[in-house]
Amino acid sequence: MDDVAEGKDFSFPGQEERILQFWSDIKAFDTQLERTRDLPEYVFYDGPPFATGLPHYGHILAGTIKDVVTRYQAMRGHHVTRRFGWDCHGLPVEREIDKKLGISKKDDVLALGIDKYNEECRSVVTRYVEEWEKIITRTGRWIDFRNDYKTMDLKFMETVWWVFAKLFEKDLVYKGFKVMPYSTGLKTPLSNFEAGDNYKEVSDPEIMLAFPIVGDLHKAAFVAWTTTPWTLPSNLALCVNSNFTYVKVRNKYSGKIYVVAESRLSALPSESQKQKMTNGPVDETKKSNPKSKGSGSKKAEDVSYEILEKFSGASLVGTKYEPLFNYFMELTDTAFRVVADNYVTDDSGTGIVHCAPAFGEDDYRVCLENQVISKGENLIVAVDDDGCFTSKITDFSGRYVKDADKDIIQAVKAMGRLVKSGSFTHSYPYCYRSQTPLIYRAVPSWFVRVENVKEQLLENNKQTYWVPDYVKEKRFHNWLENARDWAVSRSRFWGTPLPIWISEDDEEIIVMDSIDKLEKLSGAKIFDLHRHNIDHITIPSSRGPEFGVLRRVPDVFDCWFESGSMPYAYLHYPFENVELFEKNFPGHFVAEGLDQTRGWFYTLMVLATALFGKPAFRNLICNGLVLAEDGKKMSKSLKNYPSPLNVINDYGADALRLYLINSPVVRAEVLRFKKEGVYCVVKDVFLPWYNAYRFLVQNAKRLEVEGSGPFFPIDQAALQKSSNVLDQWIYSATQSLVHFVCQEMDGYRLYTVVPYLLKFLDNLTNIYVRFNRKRLKGRTGDEDCRTALSMLYNVLLTSCKVMAPFTPFFTEVLYQNMRKVCKGAEESVHFCKFPQEEGKRGERIEQSVARMKTIIDLARNIRERHGKPLKMPLREMIVVHSDVDFLDDIAGKLKEYLLEELNVRSLVTSKDILTYATLRAEPDFSGLGKRLGKAMGIVAKEVKAMSQDDILAFEKSGELTIASHCLKRDDIKVVRVFKCPAGRTEKEIDASGDGDVLVILDLRADESLFEAGVAREVVNRIQKLRKKVGLEPTDVVEVYFKSSDENESVLHQVLNSQESYIREAIGSPLLRSSLMPSDAVIIGEDSFRTTANLYIAISLTRPMLVCKSDSVLALYGGDRKAAQGLMTYLRSRDNLNLKAEFQLGNGEILVDCIENQPAVRVVLGDHVFLTVGDDYLIPCS
């Protein structure tokens, strides 16, 4: 393996760029697809984004989720086709061209020419494709941009025709009028799911107006209330609730007589009120139709009115009233009368609602049911596509409806019909594209009968698996339950045209299901299906020439219909890929944002259910929204978020991927994006991971440097037989990692993997590597070192394969170096099979080591409380636990690690908790309170009164019944209160507990531990100095010390007594400064006072060759000049190279390269020592 840089010098973004080039060179993605071609298919549907803008964090999030899942499935033995898709049609594209060409009305398009307009649209569709490919590729996502699909492609559009034709065959298509949310900015109706996501707080007018009752003796008038004055010119009826009581009242001051609901009498203005009010009594916050049906809040009945008469709402039905305007006088026979319906409420308004059937869903329904209008296409809609009044409304013709409100109110006032006016603030729906207010408007449209398949939709939803499941069970289920027929046509230009040809008398309809059918019936050759290429095509009537020809209806499809057809259209089914589709439908996986529950997820489900009676997909991950750090929507104008590429260039794509995957957003919650969070992933995940890998490489290289031969890992079967407890533990922990990731990925719970990986890496670096330093550095023998290094290698290699779908770059970096010592390794980590569990997991040893970590944390807490640093040795630690197996592990194979880590001299274990603590039981009020309700008080009292024996029995059995309620371990918290032994204080002995374990430390000073404490402190400072001067673990140095105390003998005595420990810890002897050669190269110095108040200075020097002058002189028979020449030559050599030569020569080298001197054989130890330390150790030994 090659040397690797320090973590601080390792550029994650730079390495990712290198890996991108490597993938490109070996055609990694294409190669993976080719290698898995014959494996079972895993079908993934990629929802098509619009390419009219650049990708943002929402796209990167969804793309990362898709990439993680599909990479995982490819490694699990599937062939996963991944084709990028583009949504090419619809309003976003048209809006771009409208802005570019200054188009504001439909007539502008017709004047330009649909052909020119559509070709302009086609030209901008792929404007940002290159930028998308660059950004998506840089995030590490493997997806095919060369073989992408576009909704404007001929084959895709042909399948869309087929889908519609099949629905038509099933009698699931009809044409009708429907009042729909309408965008005057886009000049098109919107689906209900498009209309419900963009509400704004606005101020609108509210007025009450009078409708004089025809033939009333008192000349009374109905009073209706509205917040949409622009609908008044189209009024055709008034609606009451037949179950309400209505009153006829006279104003005591003005004499005017009105009819309103009795419960809404208080809404009428009193004489003391001004006719003009500001901010009327309205509290309208509900997100309702723009044409609201009421306002106002109830108050005490006003004394300004006397009640003349009371009657039921039912008795008013049929009563005629005087029209407000005369625009629809031709409908007098059926219109301008009272009707009744339960949609009228008495929580606001007057209990009487004005109805304009062309501009309200309920208005249209009620007027149709009461024969005010007739069913069909003859409804007069007095507002054009641009939201302006038609010539039918002569006084306001050409005016934009919302702009005409004030003049209409003025006209009503001039007629003497205005009862009350004001304004109020409420949530109002706006077009999500043009940001213009929506109106409700009756439009002719082609519909899919969604309500006919509602029960099947609900049943199919049950067959799908969602993460998180509450989105499926609640949000999506509720949306399906309230599903209405879907208006799939749009009166636009750039889209897939409806494949409907109709005769002039509307008697003959042909729906095309293929290009071939159109060509045969028309005789035309089809090369493109957009409007400008097929609108002119006619079909002769099958009834004969006298019936003329059939022409295509001018509408195009709602682009949601196209994206909902994606599972069939991207394969050009049923014209191609029949077997591929039919064997793998429903698809295995989809993933998009929460907003798609009303969008793509919905249209996928509707079309699949209507066509095949099946859901479109089996598994779904629904992500939430990514907001700016301030909680607001990410905005280019506000500049409240960092550029994705800037974040990637700073920290790497892998860090961004893990940050997103490990956030609440993968559980359909909101994420406030913080760049600092991406940095934390680098710091908390990648640097520890990299450092463990670097430690492996350094020590593998050390074997070569020291002449033990190159490192090659021991095979896994042999590793499983290792007798080392930490080898057994980390092997088991690695198998648990494999098991957990497989389990969670099979359940599509991506968000659980990163926390588990964090815990695993913490265990790897802070337990396995930290506690095994001696073994890994070769201080327990070459064989044991190779076993430990092989285990570390195996763990890192396995974790690379496990995490490859999540962090494709970093795992590739590590794998490419590690594969150099693994025969037969795959060319890329992404070509490897996903690891499988091998061997039985050791649950007991994993649990024991986890508890050992708890003990270490508890003991450290005690030390911190009492100011006892780890470098200060302590006499004894007692561990109390009820599990005998655990105590055996702690007192046996884990004991040495505990004692060394905590710097404690002896360990005592006990299962008798009552000897050291008293037990107290406390109920979990937060959890139990909700469950038990009123019984909580009784249960809590009983729990608190539990005896010591009761608590022990509960801990053993795991459950307890109190007042017929069964309590489990999580319901009762057992607190262990330490009993300080008689005659001892808390400063001398203290304890800390966590759950079922209690740790006790003897804190008393002990002179016998003084020397060990000083030695540990000195070692610690030497290691810090090595790090400070930038030494690698493989770098050999000499370490010297000097006492600055008056009495140097104390320090010398301490260090001499601890010489063996120090030498083992630092890898060389600690030498007195008097032994340092005068020409030694000092590379680091430090001086400090120990906690034992000893002052010491330490120096690090380059290793210095020591020559035995007399022995060298003897080699040349006393020739001092020749002896000096040899010594000069040897000292000029690199120490490591010289060491390697001596090792190759079994401790001897032949020196025959010195001019004019005879060849001599130099023996290590006889003639020279490689270091001062070696020279020092010989007489010591």
# chains A, B, ... in the order shown; residues from 1 in each chain; ligands from 1
$ residues_around --residues "segment 413-419 of chain A" --least-positions-apart "6" --cutoff "9 Å" --atoms "only C-alpha atoms" --output "number ranges by chain"
A: 207-212, 223, 268-269, 275, 324
$ closest_atom_pairs --of "segment 94-176 of chain A" --to "segment 582-606 of chain A" --cutoff "12 Å" --atoms "only C-alpha atoms" --output "Markdown table"
| residue | atom | partner | partner_atom | distance |
| --- | --- | --- | --- | --- |
| A:Val163 | CA | A:Val606 | CA | 11.7 |
| A:Leu167 | CA | A:Val606 | CA | 11.0 |
| A:Leu172 | CA | A:Val606 | CA | 11.4 |
$ residues_around --residues "Lys956 of chain A" --least-positions-apart "2" --cutoff "12 Å" --atoms "only C-alpha atoms" --output "MDAnalysis selection string"
chainID A and resid 882:883 949:954 958:960 968:969 996
$ write_last_selection --atoms "C-alpha atoms" --output "compact mmCIF listing (two decimals), in the first residue's frame"
# COMPACT_ATOMS: atom_id res chain seq x y z
CA SER A 882 -25.95 -8.45 38.46
CA ASP A 883 -24.76 -10.23 35.27
CA ASP A 949 -36.22 -6.86 47.26
CA ASP A 950 -39.17 -5.74 45.12
CA ILE A 951 -36.83 -3.71 42.92
CA LEU A 952 -34.33 -6.57 42.55
CA ALA A 953 -37.16 -8.96 41.65
CA PHE A 954 -38.46 -6.45 39.08
CA GLY A 958 -38.45 -7.32 33.69
CA GLU A 959 -42.09 -6.65 34.54
CA LEU A 960 -44.39 -5.82 37.42
CA LYS A 968 -42.10 -3.01 31.84
CA ARG A 969 -38.45 -2.03 32.27
CA ASP A 996 -27.69 -1.49 35.91
$ closest_residue --among "A:Ser848, A:Asn198, A:Asn251, A:Thr734" --to "Gln836 of chain A" --atoms "only C-alpha atoms"
A:Thr734
$ atom_distance --atom1 "atom CA of Asp2 of chain A" --atom2 "atom CA of Asp25 of chain A"
20.8 Å
$ residues_around --residues "segment 1163-1172 of chain A" --least-positions-apart "6" --cutoff "8 Å" --atoms "only C-alpha atoms" --output "number ranges by chain"
A: 1038, 1075-1076, 1103-1109, 1111-1112, 1135, 1139, 1142, 1147-1149
$ closest_residue --among "A:Ala62, A:Val43, A:Met745, A:Val344" --to "Val665 of chain A" --atoms "only C-alpha atoms"
A:Ala62
$ residues_around --residues "segment 110-124 of chain A" --least-positions-apart "5" --cutoff "7 Å" --atoms "only C-alpha atoms" --output "list in words"
Val93, Glu94, Ile97, Phe493, Trp494 and His532 of chain A
$ residues_around --residues "Cys355 of chain A" --least-positions-apart "4" --cutoff "6 Å" --atoms "only C-alpha atoms" --output "list in words"
Asn235, Ala237, Leu238 and Asp363 of chain A
$ write_last_selection --atoms "all heavy atoms" --output "tab-separated table (two decimals), in the first residue's frame"
chain	number	residue	atom	x	y	z
A	235	ASN	N	-74.14	36.99	-11.23
A	235	ASN	CA	-75.06	36.38	-10.27
A	235	ASN	C	-76.31	35.84	-10.96
A	235	ASN	O	-76.93	36.53	-11.77
A	235	ASN	CB	-75.47	37.42	-9.21
A	235	ASN	CG	-76.61	36.89	-8.35
A	235	ASN	OD1	-77.77	37.17	-8.62
A	235	ASN	ND2	-76.27	36.12	-7.33
A	237	ALA	N	-78.36	33.36	-8.84
A	237	ALA	CA	-79.22	32.79	-7.79
A	237	ALA	C	-78.72	33.23	-6.43
A	237	ALA	O	-77.60	33.72	-6.28
A	237	ALA	CB	-79.23	31.27	-7.87
A	238	LEU	N	-79.60	33.07	-5.42
A	238	LEU	CA	-79.21	33.21	-4.02
A	238	LEU	C	-79.47	31.89	-3.34
A	238	LEU	O	-80.47	31.22	-3.64
A	238	LEU	CB	-80.02	34.32	-3.34
A	238	LEU	CG	-79.81	35.74	-3.84
A	238	LEU	CD1	-80.77	36.70	-3.13
A	238	LEU	CD2	-78.37	36.19	-3.64
A	363	ASP	N	-71.39	26.85	-6.32
A	363	ASP	CA	-72.34	27.64	-7.11
A	363	ASP	C	-72.79	26.84	-8.33
A	363	ASP	O	-73.98	26.76	-8.65
A	363	ASP	CB	-71.69	28.94	-7.59
A	363	ASP	CG	-71.12	29.76	-6.45
A	363	ASP	OD1	-70.43	29.19	-5.60
A	363	ASP	OD2	-71.35	30.98	-6.43
$ closest_residue --among "A:Leu1136, A:Leu870, A:Ile26, A:Leu914" --to "Asn1020 of chain A" --atoms "only C-alpha atoms"
A:Leu870
$ select_by_dssp --residues "segment 604-635 of chain A" --states "alpha helix (DSSP H)" --output "PyMOL selection string"
chain A and resi 604-612
$ write_last_selection --atoms "N, CA and C atoms" --output "short mmCIF file (atom, residue, chain, number, x, y, z; two decimals), in the first residue's frame"
data_model
loop_
_atom_site.label_atom_id
_atom_site.label_comp_id
_atom_site.auth_asym_id
_atom_site.auth_seq_id
_atom_site.Cartn_x
_atom_site.Cartn_y
_atom_site.Cartn_z
N LEU A 604 -48.97 8.87 -10.62
CA LEU A 604 -48.49 7.50 -10.84
C LEU A 604 -49.52 6.49 -10.38
N MET A 605 -50.05 6.72 -9.17
CA MET A 605 -51.00 5.78 -8.58
C MET A 605 -52.32 5.75 -9.35
N VAL A 606 -52.80 6.92 -9.76
CA VAL A 606 -54.07 7.00 -10.49
C VAL A 606 -53.98 6.25 -11.81
N LEU A 607 -52.95 6.51 -12.60
CA LEU A 607 -52.86 5.90 -13.92
C LEU A 607 -52.59 4.40 -13.83
N ALA A 608 -51.72 3.99 -12.91
CA ALA A 608 -51.44 2.56 -12.77
C ALA A 608 -52.70 1.81 -12.33
N THR A 609 -53.45 2.41 -11.41
CA THR A 609 -54.68 1.78 -10.93
C THR A 609 -55.72 1.70 -12.04
N ALA A 610 -55.88 2.79 -12.79
CA ALA A 610 -56.88 2.82 -13.86
C ALA A 610 -56.52 1.87 -14.99
N LEU A 611 -55.22 1.76 -15.30
CA LEU A 611 -54.79 0.92 -16.43
C LEU A 611 -54.69 -0.55 -16.07
N PHE A 612 -54.07 -0.83 -14.91
CA PHE A 612 -53.71 -2.21 -14.59
C PHE A 612 -54.31 -2.73 -13.28
#
$ residues_around --residues "Glu41 of chain A" --least-positions-apart "5" --cutoff "9 Å" --atoms "only C-alpha atoms" --output "ChimeraX atom specification"
/A:78-81,580,584
$ write_last_selection --atoms "N, CA, C and O atoms" --output "PDB file, in the first residue's frame"
ATOM      1  N   HIS A  78     -28.326  -7.064  -8.312  1.00  0.00           N
ATOM      2  CA  HIS A  78     -29.383  -6.696  -9.254  1.00  0.00           C
ATOM      3  C   HIS A  78     -28.802  -5.903 -10.413  1.00  0.00           C
ATOM      4  O   HIS A  78     -27.769  -5.239 -10.281  1.00  0.00           O
ATOM      5  N   HIS A  79     -29.509  -5.950 -11.521  1.00  0.00           N
ATOM      6  CA  HIS A  79     -29.210  -5.055 -12.636  1.00  0.00           C
ATOM      7  C   HIS A  79     -30.129  -3.854 -12.488  1.00  0.00           C
ATOM      8  O   HIS A  79     -31.348  -3.976 -12.529  1.00  0.00           O
ATOM      9  N   VAL A  80     -29.529  -2.691 -12.279  1.00  0.00           N
ATOM     10  CA  VAL A  80     -30.316  -1.490 -11.990  1.00  0.00           C
ATOM     11  C   VAL A  80     -30.096  -0.462 -13.091  1.00  0.00           C
ATOM     12  O   VAL A  80     -29.072   0.233 -13.121  1.00  0.00           O
ATOM     13  N   THR A  81     -31.062  -0.379 -14.001  1.00  0.00           N
ATOM     14  CA  THR A  81     -31.003   0.643 -15.039  1.00  0.00           C
ATOM     15  C   THR A  81     -31.335   1.991 -14.410  1.00  0.00           C
ATOM     16  O   THR A  81     -32.319   2.124 -13.686  1.00  0.00           O
ATOM     17  N   LEU A 580     -39.844  -6.768 -20.515  1.00  0.00           N
ATOM     18  CA  LEU A 580     -39.148  -6.052 -19.445  1.00  0.00           C
ATOM     19  C   LEU A 580     -40.149  -5.351 -18.536  1.00  0.00           C
ATOM     20  O   LEU A 580     -40.052  -5.433 -17.307  1.00  0.00           O
ATOM     21  N   ASN A 584     -41.673  -6.680 -14.485  1.00  0.00           N
ATOM     22  CA  ASN A 584     -41.158  -5.853 -13.391  1.00  0.00           C
ATOM     23  C   ASN A 584     -42.082  -4.713 -12.994  1.00  0.00           C
ATOM     24  O   ASN A 584     -41.638  -3.702 -12.446  1.00  0.00           O
TER      25      ASN A 584
END
$ select_by_dssp --residues "segment 791-893 of chain A" --states "strand (DSSP E or B)" --output "list of chain:residue names"
A:Leu874, A:Arg875, A:Glu876, A:Met877, A:Ile878, A:Val879, A:Val880
$ write_last_selection --atoms "C-alpha atoms" --output "PDB file, in the first residue's frame"
ATOM      1  CA  LEU A 874      -5.537   5.109  41.575  1.00  0.00           C
ATOM      2  CA  ARG A 875      -5.470   2.125  43.877  1.00  0.00           C
ATOM      3  CA  GLU A 876      -8.755   0.297  43.255  1.00  0.00           C
ATOM      4  CA  MET A 877     -11.964   0.225  41.236  1.00  0.00           C
ATOM      5  CA  ILE A 878     -15.061  -1.803  42.119  1.00  0.00           C
ATOM      6  CA  VAL A 879     -17.602  -2.737  39.413  1.00  0.00           C
ATOM      7  CA  VAL A 880     -21.043  -3.864  40.632  1.00  0.00           C
TER       8      VAL A 880
END
$ decode --residues "segment 733-751 of chain A" --atoms "N, CA, C and O atoms" --output "mmCIF file, in the first residue's frame"
data_model
loop_
_atom_site.group_PDB
_atom_site.id
_atom_site.type_symbol
_atom_site.label_atom_id
_atom_site.label_comp_id
_atom_site.auth_asym_id
_atom_site.auth_seq_id
_atom_site.Cartn_x
_atom_site.Cartn_y
_atom_site.Cartn_z
ATOM 1 N N ALA A 733 -18.435 -7.043 15.839
ATOM 2 C CA ALA A 733 -19.037 -5.724 15.629
ATOM 3 C C ALA A 733 -19.151 -5.399 14.147
ATOM 4 O O ALA A 733 -20.118 -4.764 13.706
ATOM 5 N N THR A 734 -18.173 -5.859 13.354
ATOM 6 C CA THR A 734 -18.214 -5.635 11.907
ATOM 7 C C THR A 734 -19.341 -6.443 11.273
ATOM 8 O O THR A 734 -20.054 -5.959 10.379
ATOM 9 N N GLN A 735 -19.518 -7.678 11.726
ATOM 10 C CA GLN A 735 -20.629 -8.480 11.226
ATOM 11 C C GLN A 735 -21.972 -7.853 11.619
ATOM 12 O O GLN A 735 -22.939 -7.889 10.855
ATOM 13 N N SER A 736 -22.012 -7.264 12.805
ATOM 14 C CA SER A 736 -23.232 -6.569 13.241
ATOM 15 C C SER A 736 -23.493 -5.354 12.363
ATOM 16 O O SER A 736 -24.650 -5.030 12.061
ATOM 17 N N LEU A 737 -22.414 -4.659 11.958
ATOM 18 C CA LEU A 737 -22.564 -3.525 11.037
ATOM 19 C C LEU A 737 -23.173 -3.991 9.717
ATOM 20 O O LEU A 737 -24.116 -3.376 9.204
ATOM 21 N N VAL A 738 -22.643 -5.081 9.175
ATOM 22 C CA VAL A 738 -23.174 -5.637 7.926
ATOM 23 C C VAL A 738 -24.642 -5.994 8.092
ATOM 24 O O VAL A 738 -25.491 -5.642 7.252
ATOM 25 N N HIS A 739 -24.948 -6.683 9.180
ATOM 26 C CA HIS A 739 -26.325 -7.105 9.449
ATOM 27 C C HIS A 739 -27.261 -5.898 9.554
ATOM 28 O O HIS A 739 -28.337 -5.877 8.959
ATOM 29 N N PHE A 740 -26.823 -4.899 10.313
ATOM 30 C CA PHE A 740 -27.672 -3.731 10.544
ATOM 31 C C PHE A 740 -27.923 -2.957 9.257
ATOM 32 O O PHE A 740 -29.064 -2.586 8.952
ATOM 33 N N VAL A 741 -26.861 -2.699 8.492
ATOM 34 C CA VAL A 741 -27.028 -1.918 7.264
ATOM 35 C C VAL A 741 -27.922 -2.657 6.271
ATOM 36 O O VAL A 741 -28.796 -2.052 5.635
ATOM 37 N N CYS A 742 -27.725 -3.969 6.147
ATOM 38 C CA CYS A 742 -28.607 -4.750 5.258
ATOM 39 C C CYS A 742 -30.061 -4.661 5.717
ATOM 40 O O CYS A 742 -30.966 -4.428 4.916
ATOM 41 N N GLN A 743 -30.264 -4.806 7.000
ATOM 42 C CA GLN A 743 -31.613 -4.763 7.568
ATOM 43 C C GLN A 743 -32.271 -3.407 7.323
ATOM 44 O O GLN A 743 -33.425 -3.332 6.896
ATOM 45 N N GLU A 744 -31.541 -2.352 7.561
ATOM 46 C CA GLU A 744 -32.105 -1.014 7.410
ATOM 47 C C GLU A 744 -32.269 -0.624 5.943
ATOM 48 O O GLU A 744 -33.253 0.020 5.578
ATOM 49 N N MET A 745 -31.322 -1.012 5.111
ATOM 50 C CA MET A 745 -31.447 -0.686 3.689
ATOM 51 C C MET A 745 -32.570 -1.483 3.039
ATOM 52 O O MET A 745 -33.267 -0.978 2.157
ATOM 53 N N ASP A 746 -32.753 -2.728 3.463
ATOM 54 C CA ASP A 746 -33.886 -3.501 2.944
ATOM 55 C C ASP A 746 -35.208 -2.883 3.388
ATOM 56 O O ASP A 746 -36.241 -3.078 2.741
ATOM 57 N N GLY A 747 -35.169 -2.145 4.510
ATOM 58 C CA GLY A 747 -36.355 -1.436 4.978
ATOM 59 C C GLY A 747 -36.385 0.011 4.534
ATOM 60 O O GLY A 747 -37.238 0.786 4.979
ATOM 61 N N TYR A 748 -35.424 0.415 3.676
ATOM 62 C CA TYR A 748 -35.355 1.767 3.102
ATOM 63 C C TYR A 748 -35.245 2.852 4.181
ATOM 64 O O TYR A 748 -35.654 3.989 3.961
ATOM 65 N N ARG A 749 -34.665 2.494 5.329
ATOM 66 C CA ARG A 749 -34.482 3.470 6.420
ATOM 67 C C ARG A 749 -33.048 4.005 6.368
ATOM 68 O O ARG A 749 -32.210 3.676 7.208
ATOM 69 N N LEU A 750 -32.762 4.841 5.425
ATOM 70 C CA LEU A 750 -31.403 5.331 5.214
ATOM 71 C C LEU A 750 -30.913 6.129 6.415
ATOM 72 O O LEU A 750 -29.719 6.133 6.723
ATOM 73 N N TYR A 751 -31.819 6.817 7.091
ATOM 74 C CA TYR A 751 -31.432 7.743 8.159
ATOM 75 C C TYR A 751 -30.901 7.045 9.408
ATOM 76 O O TYR A 751 -30.306 7.691 10.269
#
